[in-house]
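For reference, input-v7.txt (compact mmCIF, N, CA and C atoms):
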```
# COMPACT_ATOMS: atom_id res chain seq x y z
N MET U 1 9.45 -31.39 29.32
CA MET U 1 10.19 -30.30 28.69
C MET U 1 9.65 -30.08 27.27
N ALA U 2 9.58 -28.83 26.87
CA ALA U 2 9.04 -28.48 25.56
C ALA U 2 10.04 -28.85 24.46
N SER U 3 9.52 -29.08 23.28
CA SER U 3 10.38 -29.41 22.14
C SER U 3 11.23 -28.20 21.76
N PRO U 4 12.34 -28.43 21.07
CA PRO U 4 13.20 -27.30 20.67
C PRO U 4 12.47 -26.26 19.81
N THR U 5 11.57 -26.73 18.95
CA THR U 5 10.81 -25.80 18.11
C THR U 5 9.92 -24.91 18.97
N LYS U 6 9.26 -25.51 19.93
CA LYS U 6 8.38 -24.76 20.81
C LYS U 6 9.19 -23.77 21.65
N GLN U 7 10.35 -24.17 22.11
CA GLN U 7 11.22 -23.28 22.88
C GLN U 7 11.65 -22.09 22.03
N GLN U 8 11.98 -22.35 20.75
CA GLN U 8 12.37 -21.26 19.86
C GLN U 8 11.23 -20.28 19.65
N LYS U 9 10.02 -20.79 19.47
CA LYS U 9 8.86 -19.92 19.28
C LYS U 9 8.62 -19.07 20.52
N ARG U 10 8.72 -19.69 21.69
CA ARG U 10 8.55 -18.94 22.94
C ARG U 10 9.61 -17.85 23.08
N SER U 11 10.84 -18.23 22.75
CA SER U 11 11.94 -17.27 22.84
C SER U 11 11.71 -16.08 21.90
N LYS U 12 11.27 -16.38 20.69
CA LYS U 12 11.02 -15.32 19.71
C LYS U 12 9.89 -14.41 20.19
N ARG U 13 8.80 -14.99 20.71
CA ARG U 13 7.70 -14.18 21.23
C ARG U 13 8.16 -13.31 22.39
N ALA U 14 9.00 -13.88 23.26
CA ALA U 14 9.50 -13.12 24.41
C ALA U 14 10.36 -11.94 23.94
N LYS U 15 11.18 -12.17 22.94
CA LYS U 15 12.02 -11.08 22.41
C LYS U 15 11.17 -9.98 21.80
N ILE U 16 10.15 -10.35 21.05
CA ILE U 16 9.26 -9.36 20.43
C ILE U 16 8.53 -8.56 21.51
N LYS U 17 8.03 -9.26 22.52
CA LYS U 17 7.32 -8.58 23.61
C LYS U 17 8.26 -7.64 24.36
N ALA U 18 9.49 -8.09 24.61
CA ALA U 18 10.47 -7.24 25.30
C ALA U 18 10.77 -5.98 24.49
N LYS U 19 10.88 -6.15 23.16
CA LYS U 19 11.14 -4.99 22.31
C LYS U 19 9.96 -4.02 22.36
N GLN U 20 8.74 -4.54 22.30
CA GLN U 20 7.56 -3.67 22.37
C GLN U 20 7.54 -2.91 23.69
N GLN U 21 7.91 -3.57 24.77
CA GLN U 21 7.94 -2.90 26.07
C GLN U 21 9.02 -1.83 26.11
N ARG U 22 10.19 -2.11 25.50
CA ARG U 22 11.25 -1.09 25.45
C ARG U 22 10.79 0.12 24.65
N VAL U 23 10.13 -0.13 23.51
CA VAL U 23 9.63 0.96 22.68
C VAL U 23 8.59 1.76 23.46
N ALA U 24 7.72 1.06 24.17
CA ALA U 24 6.67 1.73 24.94
C ALA U 24 7.28 2.61 26.03
N ARG U 25 8.32 2.11 26.68
CA ARG U 25 8.96 2.90 27.74
C ARG U 25 9.70 4.10 27.19
N SER U 26 10.29 3.95 25.99
CA SER U 26 11.09 5.02 25.43
C SER U 26 10.28 6.00 24.58
N ALA U 27 9.05 5.63 24.26
CA ALA U 27 8.21 6.48 23.42
C ALA U 27 7.82 7.75 24.17
N HIS U 28 7.46 8.73 23.41
CA HIS U 28 6.99 9.99 23.98
C HIS U 28 5.83 9.72 24.92
N PRO U 29 5.75 10.41 26.07
CA PRO U 29 4.68 10.13 27.03
C PRO U 29 3.28 10.20 26.44
N SER U 30 3.07 11.04 25.45
CA SER U 30 1.73 11.17 24.89
C SER U 30 1.33 9.95 24.06
N VAL U 31 2.30 9.09 23.73
CA VAL U 31 2.00 7.90 22.95
C VAL U 31 1.69 6.71 23.86
N GLN U 32 1.95 6.86 25.15
CA GLN U 32 1.71 5.77 26.09
C GLN U 32 0.24 5.38 26.09
N PRO U 33 -0.08 4.09 26.05
CA PRO U 33 -1.47 3.63 25.98
C PRO U 33 -2.32 4.07 27.17
N ASP U 34 -1.72 4.23 28.35
CA ASP U 34 -2.52 4.59 29.52
C ASP U 34 -2.63 6.10 29.70
N ASN U 35 -2.15 6.87 28.75
CA ASN U 35 -2.21 8.33 28.84
C ASN U 35 -3.55 8.81 28.31
N PRO U 36 -4.36 9.50 29.14
CA PRO U 36 -5.66 9.97 28.67
C PRO U 36 -5.55 11.02 27.57
N GLU U 37 -4.41 11.69 27.51
CA GLU U 37 -4.17 12.67 26.46
C GLU U 37 -3.39 12.02 25.32
N GLY U 38 -3.50 10.74 25.15
CA GLY U 38 -2.68 9.98 24.22
C GLY U 38 -3.20 10.00 22.80
N LEU U 39 -3.06 8.88 22.15
CA LEU U 39 -3.38 8.72 20.74
C LEU U 39 -4.76 9.26 20.41
N GLY U 40 -4.84 10.00 19.34
CA GLY U 40 -6.12 10.50 18.88
C GLY U 40 -6.48 11.86 19.44
N SER U 41 -5.79 12.31 20.49
CA SER U 41 -6.13 13.61 21.04
C SER U 41 -5.47 14.71 20.20
N THR U 42 -6.09 15.86 20.22
CA THR U 42 -5.56 17.01 19.50
C THR U 42 -4.17 17.36 20.01
N HIS U 43 -4.01 17.28 21.32
CA HIS U 43 -2.72 17.60 21.95
C HIS U 43 -1.62 16.68 21.41
N TRP U 44 -1.94 15.39 21.26
CA TRP U 44 -0.96 14.43 20.77
C TRP U 44 -0.51 14.82 19.35
N PHE U 45 -1.49 15.15 18.48
CA PHE U 45 -1.14 15.53 17.11
C PHE U 45 -0.36 16.84 17.07
N GLU U 46 -0.71 17.79 17.92
CA GLU U 46 0.04 19.05 17.95
C GLU U 46 1.50 18.81 18.33
N GLU U 47 1.72 17.96 19.32
CA GLU U 47 3.10 17.63 19.72
C GLU U 47 3.83 16.89 18.60
N LEU U 48 3.14 15.95 17.97
CA LEU U 48 3.74 15.21 16.87
C LEU U 48 4.10 16.14 15.72
N PHE U 49 3.17 17.01 15.36
CA PHE U 49 3.42 17.93 14.25
C PHE U 49 4.50 18.95 14.61
N ALA U 50 4.60 19.34 15.87
CA ALA U 50 5.69 20.23 16.29
C ALA U 50 7.04 19.53 16.12
N GLN U 51 7.08 18.23 16.43
CA GLN U 51 8.31 17.45 16.20
C GLN U 51 8.63 17.37 14.71
N PHE U 52 7.60 17.17 13.89
CA PHE U 52 7.80 17.12 12.44
C PHE U 52 8.34 18.45 11.92
N LEU U 53 7.79 19.55 12.42
CA LEU U 53 8.23 20.88 11.99
C LEU U 53 9.69 21.10 12.36
N GLN U 54 10.05 20.69 13.55
CA GLN U 54 11.45 20.82 13.98
C GLN U 54 12.35 19.99 13.06
N ALA U 55 11.92 18.79 12.72
CA ALA U 55 12.70 17.94 11.81
C ALA U 55 12.75 18.56 10.41
N GLU U 56 11.62 19.10 9.95
CA GLU U 56 11.58 19.70 8.62
C GLU U 56 12.49 20.91 8.53
N ASN U 57 12.67 21.62 9.65
CA ASN U 57 13.58 22.77 9.66
C ASN U 57 15.02 22.32 9.43
N GLN U 58 15.33 21.07 9.74
CA GLN U 58 16.66 20.51 9.45
C GLN U 58 16.75 20.13 7.97
N SER U 59 15.77 19.33 7.52
CA SER U 59 15.72 18.94 6.12
C SER U 59 14.40 18.21 5.87
N ARG U 60 14.04 18.11 4.61
CA ARG U 60 12.82 17.40 4.25
C ARG U 60 12.99 15.91 4.54
N LYS U 61 14.18 15.39 4.31
CA LYS U 61 14.44 13.98 4.60
C LYS U 61 14.28 13.71 6.10
N ALA U 62 14.74 14.63 6.94
CA ALA U 62 14.58 14.47 8.39
C ALA U 62 13.10 14.45 8.78
N LEU U 63 12.28 15.22 8.07
CA LEU U 63 10.84 15.19 8.29
C LEU U 63 10.30 13.79 8.03
N PHE U 64 10.68 13.20 6.92
CA PHE U 64 10.18 11.87 6.57
C PHE U 64 10.72 10.79 7.52
N VAL U 65 11.96 10.94 7.96
CA VAL U 65 12.50 10.00 8.95
C VAL U 65 11.67 10.09 10.23
N ALA U 66 11.36 11.32 10.67
CA ALA U 66 10.52 11.51 11.86
C ALA U 66 9.14 10.89 11.65
N LEU U 67 8.59 11.05 10.46
CA LEU U 67 7.29 10.47 10.14
C LEU U 67 7.33 8.95 10.27
N PHE U 68 8.30 8.31 9.62
CA PHE U 68 8.38 6.85 9.64
C PHE U 68 8.69 6.31 11.04
N THR U 69 9.53 7.03 11.76
CA THR U 69 9.86 6.61 13.12
C THR U 69 8.63 6.68 14.02
N SER U 70 7.88 7.77 13.90
CA SER U 70 6.67 7.90 14.73
C SER U 70 5.61 6.88 14.32
N LEU U 71 5.52 6.57 13.03
CA LEU U 71 4.58 5.53 12.58
C LEU U 71 4.96 4.17 13.16
N THR U 72 6.24 3.87 13.17
CA THR U 72 6.71 2.61 13.73
C THR U 72 6.33 2.51 15.21
N ASP U 73 6.57 3.59 15.95
CA ASP U 73 6.21 3.60 17.38
C ASP U 73 4.70 3.46 17.54
N LEU U 74 3.96 4.21 16.75
CA LEU U 74 2.50 4.19 16.83
C LEU U 74 1.95 2.79 16.56
N ILE U 75 2.45 2.16 15.53
CA ILE U 75 1.96 0.83 15.15
C ILE U 75 2.35 -0.21 16.20
N SER U 76 3.57 -0.11 16.72
CA SER U 76 3.99 -1.12 17.71
C SER U 76 3.26 -0.96 19.04
N LEU U 77 2.78 0.24 19.34
CA LEU U 77 2.06 0.46 20.60
C LEU U 77 0.56 0.25 20.48
N ASN U 78 0.04 0.30 19.26
CA ASN U 78 -1.39 0.15 19.05
C ASN U 78 -1.63 -1.21 18.38
N HIS U 79 -1.94 -2.20 19.20
CA HIS U 79 -2.06 -3.57 18.69
C HIS U 79 -3.21 -3.73 17.70
N ASP U 80 -4.28 -2.96 17.87
CA ASP U 80 -5.40 -3.05 16.91
C ASP U 80 -4.95 -2.56 15.54
N LEU U 81 -4.21 -1.44 15.52
CA LEU U 81 -3.71 -0.91 14.26
C LEU U 81 -2.71 -1.87 13.64
N GLU U 82 -1.83 -2.43 14.46
CA GLU U 82 -0.85 -3.38 13.98
C GLU U 82 -1.54 -4.60 13.35
N SER U 83 -2.57 -5.12 14.01
CA SER U 83 -3.31 -6.27 13.48
C SER U 83 -4.00 -5.92 12.17
N GLU U 84 -4.61 -4.73 12.14
CA GLU U 84 -5.32 -4.30 10.94
C GLU U 84 -4.37 -4.18 9.75
N LEU U 85 -3.19 -3.59 9.97
CA LEU U 85 -2.22 -3.45 8.89
C LEU U 85 -1.67 -4.80 8.45
N THR U 86 -1.44 -5.68 9.41
CA THR U 86 -0.90 -7.00 9.09
C THR U 86 -1.89 -7.84 8.32
N GLU U 87 -3.18 -7.70 8.66
CA GLU U 87 -4.21 -8.52 8.02
C GLU U 87 -4.69 -7.95 6.69
N SER U 88 -4.32 -6.71 6.38
CA SER U 88 -4.78 -6.11 5.13
C SER U 88 -4.11 -6.81 3.94
N GLN U 89 -4.74 -6.70 2.78
CA GLN U 89 -4.23 -7.35 1.57
C GLN U 89 -2.80 -6.92 1.27
N ASP U 90 -2.53 -5.62 1.38
CA ASP U 90 -1.21 -5.08 1.10
C ASP U 90 -0.84 -4.14 2.24
N SER U 91 -0.13 -4.65 3.22
CA SER U 91 0.17 -3.84 4.41
C SER U 91 1.06 -2.65 4.08
N SER U 92 1.93 -2.77 3.08
CA SER U 92 2.77 -1.63 2.72
C SER U 92 1.93 -0.51 2.10
N GLU U 93 0.91 -0.88 1.34
CA GLU U 93 0.01 0.14 0.77
C GLU U 93 -0.82 0.79 1.86
N ALA U 94 -1.28 0.00 2.82
CA ALA U 94 -2.06 0.56 3.93
C ALA U 94 -1.20 1.51 4.75
N THR U 95 0.06 1.16 4.97
CA THR U 95 0.97 2.04 5.69
C THR U 95 1.24 3.31 4.89
N ALA U 96 1.36 3.19 3.58
CA ALA U 96 1.56 4.37 2.73
C ALA U 96 0.37 5.31 2.80
N VAL U 97 -0.84 4.75 2.79
CA VAL U 97 -2.05 5.57 2.90
C VAL U 97 -2.06 6.30 4.24
N LEU U 98 -1.73 5.59 5.31
CA LEU U 98 -1.66 6.21 6.64
C LEU U 98 -0.62 7.32 6.67
N SER U 99 0.52 7.08 6.06
CA SER U 99 1.58 8.11 5.98
C SER U 99 1.10 9.35 5.24
N ARG U 100 0.44 9.12 4.10
CA ARG U 100 -0.06 10.26 3.31
C ARG U 100 -1.08 11.06 4.10
N CYS U 101 -1.97 10.38 4.82
CA CYS U 101 -2.98 11.08 5.62
C CYS U 101 -2.32 11.96 6.68
N ILE U 102 -1.31 11.42 7.33
CA ILE U 102 -0.62 12.19 8.36
C ILE U 102 0.11 13.37 7.74
N VAL U 103 0.75 13.17 6.58
CA VAL U 103 1.45 14.27 5.91
C VAL U 103 0.46 15.34 5.47
N VAL U 104 -0.70 14.96 4.96
CA VAL U 104 -1.72 15.93 4.56
C VAL U 104 -2.14 16.77 5.76
N ASP U 105 -2.43 16.11 6.88
CA ASP U 105 -2.83 16.85 8.09
C ASP U 105 -1.70 17.73 8.61
N TYR U 106 -0.48 17.21 8.56
CA TYR U 106 0.68 17.99 9.01
C TYR U 106 0.86 19.25 8.17
N ARG U 107 0.80 19.09 6.85
CA ARG U 107 1.01 20.27 5.97
C ARG U 107 -0.14 21.26 6.08
N LYS U 108 -1.33 20.77 6.35
CA LYS U 108 -2.47 21.66 6.59
C LYS U 108 -2.22 22.45 7.88
N TRP U 109 -1.74 21.78 8.91
CA TRP U 109 -1.50 22.39 10.21
C TRP U 109 -0.36 23.41 10.16
N THR U 110 0.75 23.06 9.46
CA THR U 110 1.92 23.94 9.47
C THR U 110 1.94 24.96 8.34
N HIS U 111 1.49 24.57 7.17
CA HIS U 111 1.64 25.43 6.00
C HIS U 111 0.31 25.91 5.43
N GLY U 112 -0.79 25.44 6.00
CA GLY U 112 -2.11 25.81 5.48
C GLY U 112 -2.37 25.23 4.11
N ALA U 113 -1.66 24.14 3.77
CA ALA U 113 -1.80 23.52 2.45
C ALA U 113 -3.07 22.70 2.37
N THR U 114 -3.66 22.68 1.20
CA THR U 114 -4.84 21.84 0.97
C THR U 114 -4.37 20.42 0.67
N GLU U 115 -5.31 19.49 0.64
CA GLU U 115 -4.99 18.11 0.31
C GLU U 115 -4.40 18.02 -1.10
N ALA U 116 -4.99 18.73 -2.05
CA ALA U 116 -4.50 18.71 -3.43
C ALA U 116 -3.08 19.27 -3.51
N GLU U 117 -2.83 20.35 -2.80
CA GLU U 117 -1.48 20.94 -2.81
C GLU U 117 -0.46 19.97 -2.21
N THR U 118 -0.86 19.27 -1.16
CA THR U 118 0.05 18.31 -0.53
C THR U 118 0.34 17.15 -1.46
N TYR U 119 -0.70 16.63 -2.14
CA TYR U 119 -0.47 15.53 -3.08
C TYR U 119 0.42 15.99 -4.24
N GLU U 120 0.24 17.22 -4.69
CA GLU U 120 1.11 17.76 -5.74
C GLU U 120 2.54 17.84 -5.23
N TRP U 121 2.72 18.32 -3.99
CA TRP U 121 4.04 18.43 -3.37
C TRP U 121 4.67 17.04 -3.25
N LEU U 122 3.87 16.06 -2.81
CA LEU U 122 4.38 14.70 -2.63
C LEU U 122 4.78 14.03 -3.95
N SER U 123 4.24 14.51 -5.05
CA SER U 123 4.55 13.89 -6.34
C SER U 123 5.77 14.51 -7.03
N ARG U 124 6.35 15.54 -6.42
CA ARG U 124 7.56 16.14 -7.00
C ARG U 124 8.73 15.16 -6.89
N PRO U 125 9.56 15.07 -7.93
CA PRO U 125 10.67 14.11 -7.91
C PRO U 125 11.63 14.28 -6.73
N ASP U 126 11.95 15.51 -6.35
CA ASP U 126 12.87 15.72 -5.24
C ASP U 126 12.26 15.27 -3.90
N VAL U 127 10.96 15.46 -3.75
CA VAL U 127 10.28 15.02 -2.53
C VAL U 127 10.19 13.49 -2.51
N ILE U 128 9.88 12.89 -3.64
CA ILE U 128 9.83 11.42 -3.74
C ILE U 128 11.19 10.83 -3.40
N GLU U 129 12.26 11.45 -3.89
CA GLU U 129 13.60 10.95 -3.60
C GLU U 129 13.90 11.01 -2.10
N ASP U 130 13.58 12.14 -1.44
CA ASP U 130 13.79 12.26 0.00
C ASP U 130 12.93 11.25 0.77
N PHE U 131 11.68 11.08 0.34
CA PHE U 131 10.75 10.15 0.97
C PHE U 131 11.30 8.73 0.88
N THR U 132 11.73 8.34 -0.32
CA THR U 132 12.25 6.99 -0.55
C THR U 132 13.53 6.74 0.24
N GLN U 133 14.42 7.74 0.27
CA GLN U 133 15.67 7.59 1.01
C GLN U 133 15.42 7.49 2.51
N ALA U 134 14.50 8.31 3.02
CA ALA U 134 14.17 8.26 4.45
C ALA U 134 13.57 6.90 4.82
N LYS U 135 12.69 6.40 3.96
CA LYS U 135 12.07 5.09 4.19
C LYS U 135 13.14 4.01 4.24
N ALA U 136 14.07 4.04 3.30
CA ALA U 136 15.15 3.05 3.26
C ALA U 136 16.03 3.15 4.50
N ASP U 137 16.33 4.38 4.94
CA ASP U 137 17.16 4.58 6.13
C ASP U 137 16.47 4.02 7.38
N VAL U 138 15.19 4.28 7.52
CA VAL U 138 14.45 3.79 8.69
C VAL U 138 14.34 2.27 8.66
N ILE U 139 14.09 1.71 7.49
CA ILE U 139 14.02 0.24 7.37
C ILE U 139 15.37 -0.38 7.72
N THR U 140 16.46 0.21 7.25
CA THR U 140 17.79 -0.28 7.57
C THR U 140 18.04 -0.22 9.07
N GLU U 141 17.66 0.89 9.68
CA GLU U 141 17.85 1.06 11.12
C GLU U 141 17.01 0.05 11.91
N LEU U 142 15.76 -0.13 11.51
CA LEU U 142 14.89 -1.09 12.20
C LEU U 142 15.38 -2.52 12.02
N THR U 143 15.85 -2.84 10.82
CA THR U 143 16.35 -4.18 10.55
C THR U 143 17.59 -4.46 11.41
N ALA U 144 18.47 -3.47 11.50
CA ALA U 144 19.67 -3.63 12.32
C ALA U 144 19.27 -3.75 13.79
N SER U 145 18.33 -2.97 14.21
CA SER U 145 17.86 -3.02 15.59
C SER U 145 17.21 -4.36 15.90
N PHE U 146 16.38 -4.83 14.97
CA PHE U 146 15.68 -6.11 15.17
C PHE U 146 16.67 -7.26 15.18
N SER U 147 17.63 -7.26 14.26
CA SER U 147 18.60 -8.36 14.22
C SER U 147 19.51 -8.31 15.45
N GLY U 148 19.74 -7.12 15.99
CA GLY U 148 20.49 -6.99 17.22
C GLY U 148 19.73 -7.56 18.40
N ASP U 149 18.41 -7.47 18.38
CA ASP U 149 17.57 -8.03 19.44
C ASP U 149 17.56 -9.55 19.40
N GLU U 150 17.75 -10.12 18.22
CA GLU U 150 17.67 -11.57 18.07
C GLU U 150 18.89 -12.27 18.62
N GLU U 151 20.00 -11.53 18.74
CA GLU U 151 21.25 -12.16 19.19
C GLU U 151 21.25 -12.38 20.67
```
Would you write the structure of this file as structure tokens?
Amino acid sequence: MASPTKQQKRSKRAKIKAKQQRVARSAHPSVQPDNPEGLGSTHWFEELFAQFLQAENQSRKALFVALFTSLTDLISLNHDLESELTESQDSSEATAVLSRCIVVDYRKWTHGATEAETYEWLSRPDVIEDFTQAKADVITELTASFSGDEE
């Protein structure tokens, strides 16, 4: 029989794997790893940006919540990306860079904004406040979800 520590580690790995599988099953079909029209395809980005636009029509904060939620799904389904972010010197900075790149492409797609215009928009205090609040809300939701999985 395995030691209690080893059993705990196995249990934790099993819970994490089960959560990844639940996320994979509940994720949008275009995010599924076995979908040929999946990650990286133009169609996938168009669908993602259409979701962002719908969220932005509700509020700017809803746009950022949609962004962070989709990033979470994307990272949990793409193990190479997850490993790269985890192994980077500052994973939160790497995630922020990825977020900014997606927002730049989104604003170019929906509003015809240039990269400079998007960075100017992102540096406005009201946008920073919505961005920060959305990030905190998503982190709170994920933390509650994760702690619920541990029980």
12 Å contact set for Phe64 (chain U), only C-alpha atoms, chain neighbours under 2 positions out, as number ranges by chain: U: 49, 51-62, 66-71, 99-100, 102-103, 106, 122, 127-138
Coordinates-based distance that separates atom N of Val97 (chain U) from CA of Thr140 (chain U) (Å, one decimal):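 Taking CA of Thr140 (chain U) as the start and atom N of Val97 (chain U) as the end point, the length is 19.9 Å.
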Would you compute the distance between atom C of Val65 (chain U) and atom N of Ile139 (chain U)? Give it in Å to one decimal. 9.1 Å
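Here CA of Leu48 (chain U) is placed at a distance of 16.4 Å from CA of Ser76 (chain U).
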Identify the residues within 10 Å of coordinate (-1.2, 16.6, 3.0) (same frame as the file), considering only C-alpha atoms, and give the answer as a list of chain:residue names. U:Ser99, U:Arg100, U:Cys101, U:Ile102, U:Val103, U:Val104, U:Asp105, U:Tyr106, U:Arg107, U:Lys108, U:Trp109, U:His111, U:Gly112, U:Ala113, U:Thr114, U:Glu115, U:Ala116, U:Glu117, U:Thr118, U:Tyr119, U:Glu120, U:Trp121, U:Leu122
